[in-house]
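J.: Please find target.cif (mmCIF, C-alpha atoms) on the next line:
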```cif
data_input
#
loop_
_atom_site.label_atom_id
_atom_site.label_comp_id
_atom_site.auth_asym_id
_atom_site.auth_seq_id
_atom_site.Cartn_x
_atom_site.Cartn_y
_atom_site.Cartn_z
CA MET A 11 0.00 0.00 0.00
CA LYS A 12 2.85 2.38 0.79
CA ALA A 13 4.26 1.96 -2.74
CA LEU A 14 0.85 2.73 -4.21
CA ASP A 15 0.50 5.78 -1.97
CA ASN A 16 3.92 7.00 -3.11
CA ASP A 17 2.99 6.47 -6.77
CA THR A 18 -0.14 8.55 -6.30
CA ALA A 19 1.72 11.29 -4.46
CA MET A 20 4.54 11.32 -7.04
CA ASN A 21 2.09 12.20 -9.79
CA ASN A 22 0.60 15.18 -7.98
CA LEU A 23 2.75 17.98 -9.43
CA ALA A 24 0.50 20.91 -8.57
CA MET A 25 1.85 23.81 -6.57
CA SER A 26 0.26 24.04 -3.15
CA GLU A 27 -2.39 26.72 -2.72
CA ASP A 28 -0.47 28.17 0.24
CA ALA A 29 2.57 28.86 -1.97
CA ARG A 30 0.76 30.51 -4.87
CA PRO A 31 0.66 34.00 -3.31
CA LEU A 32 4.38 33.69 -2.71
CA LEU A 33 5.00 32.89 -6.39
CA ASP A 34 2.96 35.92 -7.42
CA ALA A 35 4.95 38.09 -5.02
CA VAL A 36 8.26 36.80 -6.42
CA ILE A 37 7.18 37.52 -9.99
CA LYS A 38 6.20 41.04 -8.95
CA HIS A 39 9.50 41.55 -7.09
CA ILE A 40 11.53 40.54 -10.14
CA ARG A 41 9.46 42.77 -12.41
CA ASP A 42 9.46 45.81 -10.13
CA ASN A 43 12.77 45.61 -8.25
CA VAL A 44 15.22 43.41 -10.18
CA ASP A 45 14.61 43.87 -13.90
CA PRO A 46 14.84 47.71 -13.63
CA ILE A 47 18.31 47.60 -11.99
CA THR A 48 19.92 44.82 -14.03
CA GLU A 49 21.24 46.91 -16.91
CA GLU A 50 22.57 49.61 -14.55
CA PHE A 51 24.22 47.00 -12.30
CA HIS A 52 26.21 45.60 -15.20
CA ARG A 53 26.97 49.05 -16.64
CA LEU A 54 28.46 50.18 -13.33
CA GLY A 55 30.73 47.14 -13.28
CA GLU A 56 32.24 47.74 -16.71
CA GLY A 57 35.92 48.68 -16.77
CA ARG A 58 36.49 48.51 -13.01
CA ALA A 59 40.17 48.51 -12.08
CA GLU A 60 39.99 45.48 -9.80
CA ARG A 61 38.14 42.65 -11.52
CA PHE A 62 37.36 40.74 -8.33
CA SER A 63 35.59 43.58 -6.61
CA TYR A 64 32.43 45.59 -7.08
CA ALA A 65 32.38 49.05 -8.58
CA PRO A 66 30.86 51.91 -6.56
CA GLY A 67 27.09 51.64 -6.64
CA GLN A 68 26.79 47.98 -7.59
CA LEU A 69 26.34 46.51 -4.13
CA GLU A 70 24.12 49.42 -3.17
CA LEU A 71 21.73 48.48 -5.98
CA LEU A 72 21.76 44.86 -4.85
CA GLU A 73 21.24 45.73 -1.20
CA GLU A 74 18.30 47.95 -2.05
CA ALA A 75 16.63 45.09 -3.93
CA LYS A 76 17.46 42.65 -1.10
CA ASN A 77 15.97 45.01 1.48
CA LYS A 78 12.77 45.28 -0.55
CA ALA A 79 12.59 41.49 -0.73
CA LYS A 80 13.08 41.17 3.03
CA ALA A 81 10.46 43.83 3.71
CA ASN A 82 7.98 41.84 1.63
CA GLY A 83 8.84 38.54 3.31
CA LEU A 84 10.60 37.16 0.23
CA TRP A 85 13.70 35.51 1.66
CA ASN A 86 15.44 32.10 1.87
CA PHE A 87 12.77 30.14 -0.03
CA PHE A 88 15.07 27.23 -0.74
CA LEU A 89 15.28 25.99 2.86
CA PRO A 90 12.63 23.34 3.59
CA ASN A 91 12.43 24.43 7.22
CA ALA A 92 9.78 26.76 8.58
CA GLU A 93 12.08 28.22 11.25
CA THR A 94 14.90 29.36 8.97
CA GLY A 95 13.19 29.53 5.57
CA GLU A 96 9.68 29.62 4.18
CA GLY A 97 9.05 25.95 4.85
CA LEU A 98 8.42 25.32 1.15
CA SER A 99 8.43 21.86 -0.34
CA ASN A 100 10.93 21.19 -3.12
CA LEU A 101 7.99 21.11 -5.53
CA ASP A 102 6.75 24.55 -4.48
CA TYR A 103 10.26 25.96 -4.67
CA ALA A 104 10.58 24.61 -8.22
CA TYR A 105 7.82 26.90 -9.45
CA ILE A 106 9.57 29.89 -7.86
CA ALA A 107 13.00 28.89 -9.18
CA PHE A 108 11.63 28.75 -12.74
CA GLU A 109 11.07 32.50 -12.40
CA LEU A 110 14.42 33.18 -10.74
CA GLY A 111 16.25 31.69 -13.72
CA LYS A 112 14.97 34.42 -16.02
CA ASN A 113 17.18 37.12 -14.45
CA PRO A 114 20.78 36.47 -13.26
CA LEU A 115 20.38 38.83 -10.28
CA ALA A 116 17.03 37.54 -9.07
CA SER A 117 18.27 34.65 -6.91
CA GLN A 118 20.76 36.80 -5.06
CA THR A 119 18.14 39.41 -4.18
CA LEU A 120 16.13 36.68 -2.44
CA ASN A 121 19.20 35.06 -0.83
CA CYS A 122 18.66 31.95 -2.93
CA SER A 123 21.95 31.82 -4.86
CA ALA A 124 24.30 28.90 -5.37
CA PRO A 125 26.61 27.85 -3.81
CA ASP A 126 25.21 29.52 -0.66
CA THR A 127 21.95 27.57 -0.87
CA GLY A 128 23.66 24.20 -0.59
CA ASN A 129 26.03 25.39 2.11
CA MET A 130 23.21 26.86 4.17
CA GLU A 131 21.17 23.69 3.89
CA VAL A 132 24.15 21.64 5.10
CA LEU A 133 24.77 23.96 8.05
CA GLU A 134 21.09 24.04 8.93
CA ARG A 135 20.87 20.24 8.94
CA VAL A 136 24.18 19.11 10.43
CA GLY A 137 25.90 22.18 11.88
CA THR A 138 26.51 22.53 15.59
CA PRO A 139 24.86 25.43 17.44
CA GLU A 140 28.24 27.24 17.41
CA GLN A 141 28.72 26.67 13.67
CA LYS A 142 25.22 27.92 12.97
CA GLU A 143 25.71 31.05 15.03
CA LYS A 144 29.03 31.91 13.42
CA TRP A 145 28.33 31.03 9.79
CA LEU A 146 24.70 30.09 9.10
CA LYS A 147 23.24 33.18 10.74
CA PRO A 148 25.14 35.73 8.58
CA LEU A 149 24.52 33.60 5.48
CA LEU A 150 20.79 33.52 6.17
CA ASN A 151 20.86 37.28 6.66
CA GLY A 152 22.63 37.78 3.32
CA GLU A 153 25.57 39.49 5.04
CA ILE A 154 28.28 37.17 3.66
CA ARG A 155 28.71 34.60 0.92
CA SER A 156 30.36 31.17 0.78
CA CYS A 157 31.91 28.54 -1.48
CA PHE A 158 32.27 24.77 -1.66
CA GLY A 159 35.74 23.29 -2.23
CA MET A 160 35.59 19.87 -3.85
CA THR A 161 36.98 19.70 -7.40
CA GLU A 162 40.72 19.10 -7.77
CA PRO A 163 42.94 19.56 -10.85
CA LYS A 164 45.02 16.39 -10.50
CA VAL A 165 42.27 13.77 -10.13
CA ALA A 166 38.93 12.89 -11.75
CA SER A 167 36.76 14.61 -9.18
CA SER A 168 33.50 13.26 -10.57
CA ASP A 169 34.45 10.27 -8.39
CA ALA A 170 34.78 11.91 -4.97
CA ARG A 171 36.75 8.93 -3.69
CA ASN A 172 39.67 10.36 -5.67
CA ILE A 173 39.89 13.56 -3.60
CA GLU A 174 43.48 13.97 -2.39
CA THR A 175 43.35 17.11 -0.24
CA SER A 176 44.34 15.87 3.20
CA ALA A 177 43.32 16.94 6.68
CA VAL A 178 45.39 15.59 9.57
CA LEU A 179 44.50 16.16 13.22
CA ASP A 180 47.35 17.84 15.07
CA GLY A 181 46.42 18.54 18.67
CA ASP A 182 43.31 20.70 18.58
CA ASP A 183 43.65 21.63 14.89
CA TRP A 184 43.05 20.09 11.50
CA VAL A 185 46.01 20.75 9.20
CA ILE A 186 44.85 20.86 5.59
CA ASN A 187 47.01 20.54 2.47
CA GLY A 188 45.88 20.26 -1.11
CA GLU A 189 44.69 22.02 -4.22
CA LYS A 190 41.19 22.88 -5.43
CA TYR A 191 39.97 24.50 -8.64
CA TYR A 192 36.73 25.75 -10.17
CA ILE A 193 35.63 26.83 -6.70
CA SER A 194 32.63 28.92 -7.70
CA GLY A 195 32.03 32.11 -5.76
CA ALA A 196 35.45 32.16 -4.07
CA GLY A 197 36.41 35.29 -6.00
CA ASP A 198 33.63 37.38 -4.45
CA PRO A 199 35.05 39.70 -1.76
CA ARG A 200 31.96 38.85 0.33
CA CYS A 201 32.92 35.14 0.38
CA LYS A 202 34.03 34.46 3.95
CA ILE A 203 33.71 30.68 4.43
CA MET A 204 34.45 27.53 2.42
CA ILE A 205 33.10 24.07 3.11
CA CYS A 206 36.04 21.95 2.04
CA MET A 207 35.91 18.27 1.06
CA VAL A 208 39.03 16.56 2.46
CA LYS A 209 40.44 13.11 3.11
CA THR A 210 40.76 12.48 6.86
CA SER A 211 40.78 8.67 7.08
CA PRO A 212 42.78 7.18 4.16
CA ASP A 213 42.70 3.68 5.67
CA ALA A 214 38.94 3.54 6.17
CA GLU A 215 36.50 1.96 3.74
CA PRO A 216 36.21 4.09 0.54
CA PHE A 217 33.04 5.94 1.50
CA ARG A 218 34.27 6.72 5.03
CA GLN A 219 37.57 8.35 4.07
CA GLN A 220 36.16 11.83 3.33
CA SER A 221 35.07 14.60 5.67
CA GLN A 222 33.86 18.17 5.21
CA ILE A 223 35.49 20.96 7.20
CA LEU A 224 34.67 24.65 7.57
CA VAL A 225 37.60 26.78 6.40
CA PRO A 226 37.38 30.58 6.82
CA MET A 227 38.74 32.22 3.68
CA ASP A 228 41.06 34.51 5.65
CA THR A 229 42.85 31.58 7.31
CA PRO A 230 46.64 31.70 6.76
CA GLY A 231 47.61 29.28 4.02
CA VAL A 232 44.40 29.66 1.98
CA ASN A 233 45.96 30.98 -1.20
CA VAL A 234 43.58 32.05 -3.96
CA LEU A 235 45.86 31.75 -7.00
CA GLY A 236 43.44 33.23 -9.50
CA PRO A 237 40.37 32.48 -11.60
CA MET A 238 39.81 29.54 -13.89
CA ARG A 239 38.41 30.85 -17.14
CA VAL A 240 35.28 29.47 -18.77
CA PHE A 241 35.38 29.88 -22.56
CA GLY A 242 37.96 32.60 -21.91
CA HIS A 243 35.87 34.49 -19.33
CA ASP A 244 36.77 34.89 -15.65
CA HIS A 245 33.18 35.48 -14.46
CA ALA A 246 34.44 38.17 -12.09
CA PRO A 247 33.72 39.01 -9.36
CA HIS A 248 31.98 35.70 -8.59
CA GLY A 249 34.69 33.65 -10.26
CA HIS A 250 35.64 29.98 -10.31
CA MET A 251 38.87 30.08 -8.37
CA HIS A 252 42.05 28.02 -8.21
CA ILE A 253 43.00 27.62 -4.53
CA LYS A 254 46.09 26.16 -2.86
CA LEU A 255 45.75 25.04 0.76
CA ASP A 256 49.18 25.13 2.38
CA ASN A 257 49.30 23.91 6.00
CA VAL A 258 45.95 25.52 6.72
CA ARG A 259 45.08 25.13 10.41
CA VAL A 260 41.49 25.26 11.60
CA PRO A 261 40.02 24.17 14.97
CA LYS A 262 39.01 20.51 15.19
CA GLU A 263 35.44 21.60 15.98
CA ASN A 264 35.20 22.99 12.41
CA ILE A 265 34.48 19.50 11.10
CA LEU A 266 30.90 18.98 9.96
CA TRP A 267 28.92 16.10 11.46
CA GLY A 268 32.01 14.11 12.41
CA GLU A 269 34.95 12.42 10.75
CA GLY A 270 34.25 10.23 7.73
CA ARG A 271 30.79 11.62 6.97
CA GLY A 272 31.69 13.67 3.89
CA PHE A 273 29.75 11.46 1.48
CA GLU A 274 26.63 11.55 3.63
CA ILE A 275 26.79 15.34 3.70
CA SER A 276 27.22 15.41 -0.07
CA GLN A 277 23.97 13.51 -0.48
CA LEU A 278 22.21 16.14 1.62
CA ARG A 279 23.76 18.96 -0.37
CA LEU A 280 23.99 17.81 -3.96
CA GLY A 281 20.45 16.48 -4.45
CA PRO A 282 18.76 19.83 -3.77
CA GLY A 283 21.61 21.78 -5.39
CA ARG A 284 21.42 19.85 -8.63
CA ILE A 285 17.67 20.21 -8.90
CA HIS A 286 17.84 23.94 -8.07
CA HIS A 287 20.25 24.42 -10.99
CA CYS A 288 17.84 22.61 -13.29
CA MET A 289 14.91 24.71 -12.08
CA ARG A 290 16.72 27.95 -12.85
CA SER A 291 17.92 26.56 -16.20
CA ILE A 292 14.35 26.23 -17.38
CA GLY A 293 13.88 29.93 -16.65
CA ALA A 294 16.91 30.59 -18.86
CA ALA A 295 15.36 28.50 -21.64
CA GLU A 296 12.16 30.55 -21.37
CA LYS A 297 14.21 33.74 -21.62
CA ALA A 298 16.02 32.42 -24.71
CA LEU A 299 12.71 31.55 -26.38
CA ASP A 300 11.37 35.03 -25.64
CA LEU A 301 14.47 36.50 -27.30
CA VAL A 302 13.93 34.25 -30.34
CA LEU A 303 10.37 35.51 -30.74
CA GLU A 304 11.35 39.13 -30.25
CA ARG A 305 14.16 38.97 -32.81
CA GLY A 306 12.34 36.70 -35.23
CA MET A 307 9.19 38.81 -35.38
CA GLU A 308 10.83 42.23 -35.53
CA ARG A 309 13.55 41.66 -38.17
CA GLU A 310 13.28 40.81 -41.84
CA ALA A 311 15.60 39.15 -44.34
CA PHE A 312 15.02 38.11 -47.92
CA GLY A 313 11.60 39.75 -47.83
CA LYS A 314 10.32 37.75 -44.85
CA ARG A 315 10.31 37.90 -41.09
CA ILE A 316 13.28 35.94 -39.78
CA LEU A 317 10.81 33.72 -37.95
CA ASP A 318 9.31 32.67 -41.31
CA LEU A 319 12.64 31.70 -42.86
CA GLY A 320 13.72 28.09 -43.16
CA LYS A 321 12.66 25.95 -40.24
CA ASN A 322 12.61 28.74 -37.65
CA MET A 323 8.94 28.23 -36.82
CA GLU A 324 9.75 24.59 -36.12
CA VAL A 325 12.62 25.75 -33.88
CA VAL A 326 10.10 27.73 -31.82
CA GLY A 327 7.68 24.82 -31.63
CA ARG A 328 10.37 22.35 -30.61
CA ALA A 329 11.70 24.75 -27.99
CA ARG A 330 8.28 25.06 -26.36
CA ILE A 331 7.85 21.27 -26.39
CA GLU A 332 11.30 20.74 -24.85
CA ILE A 333 10.70 23.38 -22.17
CA GLU A 334 7.43 21.75 -21.12
CA ALA A 335 9.05 18.31 -21.08
CA MET A 336 11.92 19.62 -18.95
CA ARG A 337 9.49 21.35 -16.62
CA MET A 338 7.63 18.09 -16.02
CA MET A 339 10.87 16.21 -15.41
CA VAL A 340 12.09 18.77 -12.88
CA LEU A 341 8.73 18.90 -11.10
CA LYS A 342 8.71 15.10 -10.88
CA ALA A 343 12.25 15.10 -9.43
CA ALA A 344 11.31 17.79 -6.91
CA ARG A 345 8.19 15.84 -5.95
CA ALA A 346 10.28 12.68 -5.55
CA MET A 347 12.52 14.49 -3.08
CA ASP A 348 9.46 15.52 -1.07
CA VAL A 349 7.83 12.09 -1.13
CA LEU A 350 10.79 9.69 -1.09
CA GLY A 351 13.56 11.78 0.47
CA ASN A 352 16.75 13.02 -1.17
CA LYS A 353 18.53 9.66 -1.15
CA GLU A 354 15.73 7.63 -2.74
CA ALA A 355 14.97 10.42 -5.22
CA ARG A 356 18.51 10.39 -6.65
CA ILE A 357 17.36 8.54 -9.79
CA TRP A 358 14.87 11.28 -10.61
CA VAL A 359 17.42 13.98 -9.82
CA SER A 360 19.95 12.31 -12.14
CA MET A 361 17.35 12.10 -14.92
CA ALA A 362 16.68 15.83 -14.62
CA LYS A 363 20.37 16.68 -14.38
CA ALA A 364 21.21 14.61 -17.48
CA MET A 365 18.36 16.05 -19.51
CA VAL A 366 17.96 19.71 -18.65
CA PRO A 367 21.37 21.37 -19.22
CA GLU A 368 21.80 19.58 -22.55
CA LYS A 369 18.37 20.61 -23.85
CA VAL A 370 18.73 24.19 -22.58
CA CYS A 371 22.09 24.42 -24.35
CA GLN A 372 20.36 23.40 -27.58
CA ILE A 373 17.63 26.00 -27.18
CA ILE A 374 20.12 28.79 -26.44
CA ASP A 375 22.30 27.69 -29.36
CA GLN A 376 19.31 27.95 -31.69
CA ALA A 377 18.52 31.38 -30.26
CA ILE A 378 22.09 32.47 -31.00
CA GLN A 379 21.71 31.27 -34.59
CA ILE A 380 18.56 33.33 -35.10
CA HIS A 381 20.32 36.40 -33.68
CA GLY A 382 23.28 35.99 -36.00
CA ALA A 383 26.55 37.65 -34.97
CA THR A 384 24.76 39.65 -32.27
CA GLY A 385 23.96 36.38 -30.51
CA VAL A 386 27.61 35.78 -29.61
CA SER A 387 28.36 39.41 -28.77
CA GLN A 388 28.20 41.54 -25.64
CA TRP A 389 24.98 43.06 -26.99
CA SER A 390 23.06 39.90 -26.17
CA PRO A 391 22.81 37.85 -22.95
CA LEU A 392 22.78 34.63 -24.98
CA SER A 393 26.53 33.97 -25.04
CA GLU A 394 26.74 34.27 -21.24
CA MET A 395 23.66 32.07 -20.88
CA TYR A 396 25.22 29.44 -23.12
CA MET A 397 28.45 29.43 -21.11
CA GLN A 398 26.54 28.89 -17.89
CA GLN A 399 24.49 26.01 -19.26
CA ARG A 400 27.42 24.32 -20.98
CA THR A 401 29.34 24.49 -17.69
CA LEU A 402 26.37 23.00 -15.86
CA ARG A 403 26.76 19.85 -17.93
CA LEU A 404 30.00 19.31 -15.99
CA ALA A 405 29.13 20.83 -12.62
CA ASP A 406 27.51 18.58 -10.00
CA GLY A 407 28.62 15.56 -12.02
CA PRO A 408 29.00 15.24 -15.81
CA ASP A 409 26.18 13.95 -18.00
CA GLU A 410 27.77 10.52 -18.20
CA VAL A 411 27.65 10.04 -14.41
CA HIS A 412 23.94 10.74 -14.29
CA HIS A 413 23.12 8.58 -17.30
CA ASN A 414 25.03 5.78 -15.60
CA VAL A 415 23.05 6.22 -12.36
CA VAL A 416 19.78 5.96 -14.28
CA ALA A 417 20.98 3.01 -16.37
CA ARG A 418 22.17 1.06 -13.33
CA ASN A 419 18.78 1.53 -11.74
CA GLU A 420 17.08 0.20 -14.87
CA VAL A 421 19.38 -2.85 -14.96
CA ASN A 422 18.67 -3.59 -11.30
CA ARG A 423 14.95 -3.15 -11.80
CA TYR A 424 15.01 -5.55 -14.78
CA ARG A 425 16.94 -8.16 -12.80
CA GLN A 426 14.47 -7.97 -9.93
CA THR A 427 11.54 -8.35 -12.35
CA ALA A 428 13.21 -11.22 -14.19
CA ASP A 429 13.89 -13.07 -10.95
#
```
With the file now loaded, output its structure as structure tokens.
T.:
Amino acid sequence: MKALDNDTAMNNLAMSEDARPLLDAVIKHIRDNVDPITEEFHRLGEGRAERFSYAPGQLELLEEAKNKAKANGLWNFFLPNAETGEGLSNLDYAYIAFELGKNPLASQTLNCSAPDTGNMEVLERVGTPEQKEKWLKPLLNGEIRSCFGMTEPKVASSDARNIETSAVLDGDDWVINGEKYYISGAGDPRCKIMICMVKTSPDAEPFRQQSQILVPMDTPGVNVLGPMRVFGHDHAPHGHMHIKLDNVRVPKENILWGEGRGFEISQLRLGPGRIHHCMRSIGAAEKALDLVLERGMEREAFGKRILDLGKNMEVVGRARIEIEAMRMMVLKAARAMDVLGNKEARIWVSMAKAMVPEKVCQIIDQAIQIHGATGVSQWSPLSEMYMQQRTLRLADGPDEVHHNVVARNEVNRYRQTAD
């Protein structure tokens, strides 16, 4: 009976009535407080002397929008906890995240930006009272930002068992040595804390060797060597940084949840994080389709609207079909997390993660084609959107990892049925 109940619940993908006013308020906030400042925010940041900083006026614009969001009760939606967030289900948050993906500043104004979302959820679930007071509280208030240090340049980090960065207990301190790269958000001057994936127990069984430790960014020995470029861009001031950890000493109480529990923490963090990325990606696909229609209907070539040339109408139709298919997949994955829990929902999350970034890349690529040379220029947001989505096919596990997770599940299911 429980399986039947779960099947019924899994197919209920409607947003709850309680959350609908919140969605309407978010849409209004983006329209009234975020869209009007976006162009000015980016204009102010052009040509600044220090790339990994904010130009005068930029943070003021952001803070004004954040304060308006707070005043209207629009804050920390992602946390499924009524005390620290809005108590939304993953399914309800999906509907909101679809809207956030349409503007690159929207998530930050609501304190719902990666990688802070995943870090805050980890701290909220497994942090000690002292860790929560020192780091979760300012993160929830939007006063600081954070990063997550996992990927390493010398090993295939898609298999976290390969992580080589070591943490050795020396008296009352962990001493950390290693190298991380593509640490998103570490370039932001507001980034004050890193959750670092390290190897603490090399002789333990493979999935008990890793731990996660809180490392303040101003700790001696945390050397930010510079940004990794994505298609030639440094994505300053957020950045994807290359970091060397050289005899970094942090108190032993900075470990999260205990030694050897790094993989368990990753399951808490990566399930929601991956699905949040996919939710926002669908908003980006919607934005790309809007740009296709705007360009295609306003410009002419060879005596016709661009939209009427070749197979461009089919491009629009296919884009809408793909967006709706992706939306259903993401809603189903979010619902699975609510009904089954993050661990049991991993198959659905992997299906969404394998499908969505690839399809969104295709839609944005087609939008670029319809825009011609402008589509790859600084005059259009499409090139930046494409970079983000192409990167997402590697972040949180490459496509191949997620296809393999889904395929293994199918093989196991077939064997059980055959037996």
J.: Find the residues of segment 22-102 of chain A that sit at most 12 Å from segment 385-392 of chain A; for each, write down the nearest two atoms and how far apart they are in Å, to one decimal. Count all atoms listed in the file. Sort by chain, then by number going up, and give it as CSV.
T.:
```
residue,atom,partner,partner_atom,distance
A:Thr48,CA,A:Pro391,CA,11.7
A:Glu49,CA,A:Pro391,CA,11.0
A:His52,CA,A:Gln388,CA,11.4
A:Arg53,CA,A:Gln388,CA,11.8
A:Glu56,CA,A:Gln388,CA,11.6
```
J.: Could you expand the PyMOL selection byres ((chain A and resi 148) around 12) into the explicit residues it covers here, written as a PyMOL selection string?
T.: chain A and resi 121+126+130+133+141-147+149-156+200-203
J.: List the neighbours of Asn187 of chain A out to 6 Å using only C-alpha atoms; skip same-chain residues closer than 6 positions along the sequence, and give me the result as a list in words.
T.: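 Skipping anything fewer than 6 positions along the chain leaves Thr175, Ser176, Leu255, Asp256 and Asn257 of chain A.
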J.: Expand the PyMOL selection byres ((chain A and resi 258) around 10) into the explicit residue set it covers here, and present it as a short mmCIF file (atom, residue, chain, number, x, y, z; two decimals) with C-alpha atoms, keeping the file's coordinate frame.
T.:
```
data_model
loop_
_atom_site.label_atom_id
_atom_site.label_comp_id
_atom_site.auth_asym_id
_atom_site.auth_seq_id
_atom_site.Cartn_x
_atom_site.Cartn_y
_atom_site.Cartn_z
CA ALA A 177 43.32 16.94 6.68
CA ASP A 183 43.65 21.63 14.89
CA TRP A 184 43.05 20.09 11.50
CA VAL A 185 46.01 20.75 9.20
CA ILE A 186 44.85 20.86 5.59
CA ASN A 187 47.01 20.54 2.47
CA GLY A 188 45.88 20.26 -1.11
CA VAL A 225 37.60 26.78 6.40
CA PRO A 226 37.38 30.58 6.82
CA THR A 229 42.85 31.58 7.31
CA PRO A 230 46.64 31.70 6.76
CA GLY A 231 47.61 29.28 4.02
CA VAL A 232 44.40 29.66 1.98
CA ASN A 233 45.96 30.98 -1.20
CA LYS A 254 46.09 26.16 -2.86
CA LEU A 255 45.75 25.04 0.76
CA ASP A 256 49.18 25.13 2.38
CA ASN A 257 49.30 23.91 6.00
CA ARG A 259 45.08 25.13 10.41
CA VAL A 260 41.49 25.26 11.60
#
```
J.: Name the residues that the PyMOL selection byres ((chain A and resi 415) around 12) picks from the file above, as a list of chain:residue names, using the file's chain letters and numbers.
T.: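 Against this file, the PyMOL selection byres ((chain A and resi 415) around 12) returns the residues A:Ala355, A:Arg356, A:Ile357, A:Trp358, A:Val359, A:Ser360, A:Met361, A:Ala362, A:Lys363, A:Ala364, A:Gly407, A:Pro408, A:Asp409, A:Glu410, A:Val411, A:His412, A:His413, A:Asn414, A:Val416, A:Ala417, A:Arg418, A:Asn419, A:Glu420, A:Val421, A:Asn422.
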J.: Because the input lacks atoms here, generate N, CA, C and O atoms for segment 38-51 of chain A and report them as a PDB file, in the frame of the given file.
T.:
```pdb
ATOM      1  N   LYS A  38       6.328  39.588  -9.063  1.00  0.00           N
ATOM      2  CA  LYS A  38       6.200  41.040  -8.950  1.00  0.00           C
ATOM      3  C   LYS A  38       7.527  41.677  -8.505  1.00  0.00           C
ATOM      4  O   LYS A  38       7.931  42.723  -9.016  1.00  0.00           O
ATOM      5  N   HIS A  39       8.208  41.030  -7.557  1.00  0.00           N
ATOM      6  CA  HIS A  39       9.500  41.550  -7.090  1.00  0.00           C
ATOM      7  C   HIS A  39      10.512  41.608  -8.232  1.00  0.00           C
ATOM      8  O   HIS A  39      11.225  42.610  -8.395  1.00  0.00           O
ATOM      9  N   ILE A  40      10.581  40.562  -9.027  1.00  0.00           N
ATOM     10  CA  ILE A  40      11.530  40.540 -10.140  1.00  0.00           C
ATOM     11  C   ILE A  40      11.175  41.635 -11.146  1.00  0.00           C
ATOM     12  O   ILE A  40      12.055  42.373 -11.625  1.00  0.00           O
ATOM     13  N   ARG A  41       9.901  41.769 -11.445  1.00  0.00           N
ATOM     14  CA  ARG A  41       9.460  42.770 -12.410  1.00  0.00           C
ATOM     15  C   ARG A  41       9.700  44.191 -11.916  1.00  0.00           C
ATOM     16  O   ARG A  41      10.191  45.045 -12.657  1.00  0.00           O
ATOM     17  N   ASP A  42       9.420  44.443 -10.641  1.00  0.00           N
ATOM     18  CA  ASP A  42       9.460  45.810 -10.130  1.00  0.00           C
ATOM     19  C   ASP A  42      10.825  46.217  -9.560  1.00  0.00           C
ATOM     20  O   ASP A  42      11.194  47.400  -9.632  1.00  0.00           O
ATOM     21  N   ASN A  43      11.568  45.247  -9.001  1.00  0.00           N
ATOM     22  CA  ASN A  43      12.770  45.610  -8.250  1.00  0.00           C
ATOM     23  C   ASN A  43      14.075  45.058  -8.816  1.00  0.00           C
ATOM     24  O   ASN A  43      15.144  45.559  -8.464  1.00  0.00           O
ATOM     25  N   VAL A  44      13.993  44.021  -9.657  1.00  0.00           N
ATOM     26  CA  VAL A  44      15.220  43.410 -10.180  1.00  0.00           C
ATOM     27  C   VAL A  44      15.442  43.766 -11.646  1.00  0.00           C
ATOM     28  O   VAL A  44      16.523  44.248 -12.003  1.00  0.00           O
ATOM     29  N   ASP A  45      14.441  43.541 -12.473  1.00  0.00           N
ATOM     30  CA  ASP A  45      14.610  43.870 -13.900  1.00  0.00           C
ATOM     31  C   ASP A  45      15.035  45.324 -14.107  1.00  0.00           C
ATOM     32  O   ASP A  45      15.928  45.599 -14.925  1.00  0.00           O
ATOM     33  N   PRO A  46      14.460  46.300 -13.383  1.00  0.00           N
ATOM     34  CA  PRO A  46      14.840  47.710 -13.630  1.00  0.00           C
ATOM     35  C   PRO A  46      16.288  48.045 -13.272  1.00  0.00           C
ATOM     36  O   PRO A  46      16.826  49.036 -13.787  1.00  0.00           O
ATOM     37  N   ILE A  47      16.941  47.250 -12.394  1.00  0.00           N
ATOM     38  CA  ILE A  47      18.310  47.600 -11.990  1.00  0.00           C
ATOM     39  C   ILE A  47      19.365  46.772 -12.715  1.00  0.00           C
ATOM     40  O   ILE A  47      20.562  47.064 -12.600  1.00  0.00           O
ATOM     41  N   THR A  48      18.953  45.767 -13.472  1.00  0.00           N
ATOM     42  CA  THR A  48      19.920  44.820 -14.030  1.00  0.00           C
ATOM     43  C   THR A  48      20.886  45.478 -14.998  1.00  0.00           C
ATOM     44  O   THR A  48      22.109  45.304 -14.909  1.00  0.00           O
ATOM     45  N   GLU A  49      20.371  46.253 -15.924  1.00  0.00           N
ATOM     46  CA  GLU A  49      21.240  46.910 -16.910  1.00  0.00           C
ATOM     47  C   GLU A  49      22.202  47.883 -16.229  1.00  0.00           C
ATOM     48  O   GLU A  49      23.397  47.927 -16.541  1.00  0.00           O
ATOM     49  N   GLU A  50      21.717  48.648 -15.261  1.00  0.00           N
ATOM     50  CA  GLU A  50      22.570  49.610 -14.550  1.00  0.00           C
ATOM     51  C   GLU A  50      23.616  48.892 -13.707  1.00  0.00           C
ATOM     52  O   GLU A  50      24.770  49.342 -13.624  1.00  0.00           O
ATOM     53  N   PHE A  51      23.266  47.776 -13.100  1.00  0.00           N
ATOM     54  CA  PHE A  51      24.220  47.000 -12.300  1.00  0.00           C
ATOM     55  C   PHE A  51      25.406  46.576 -13.159  1.00  0.00           C
ATOM     56  O   PHE A  51      26.564  46.744 -12.766  1.00  0.00           O
TER      57      PHE A  51
END
```
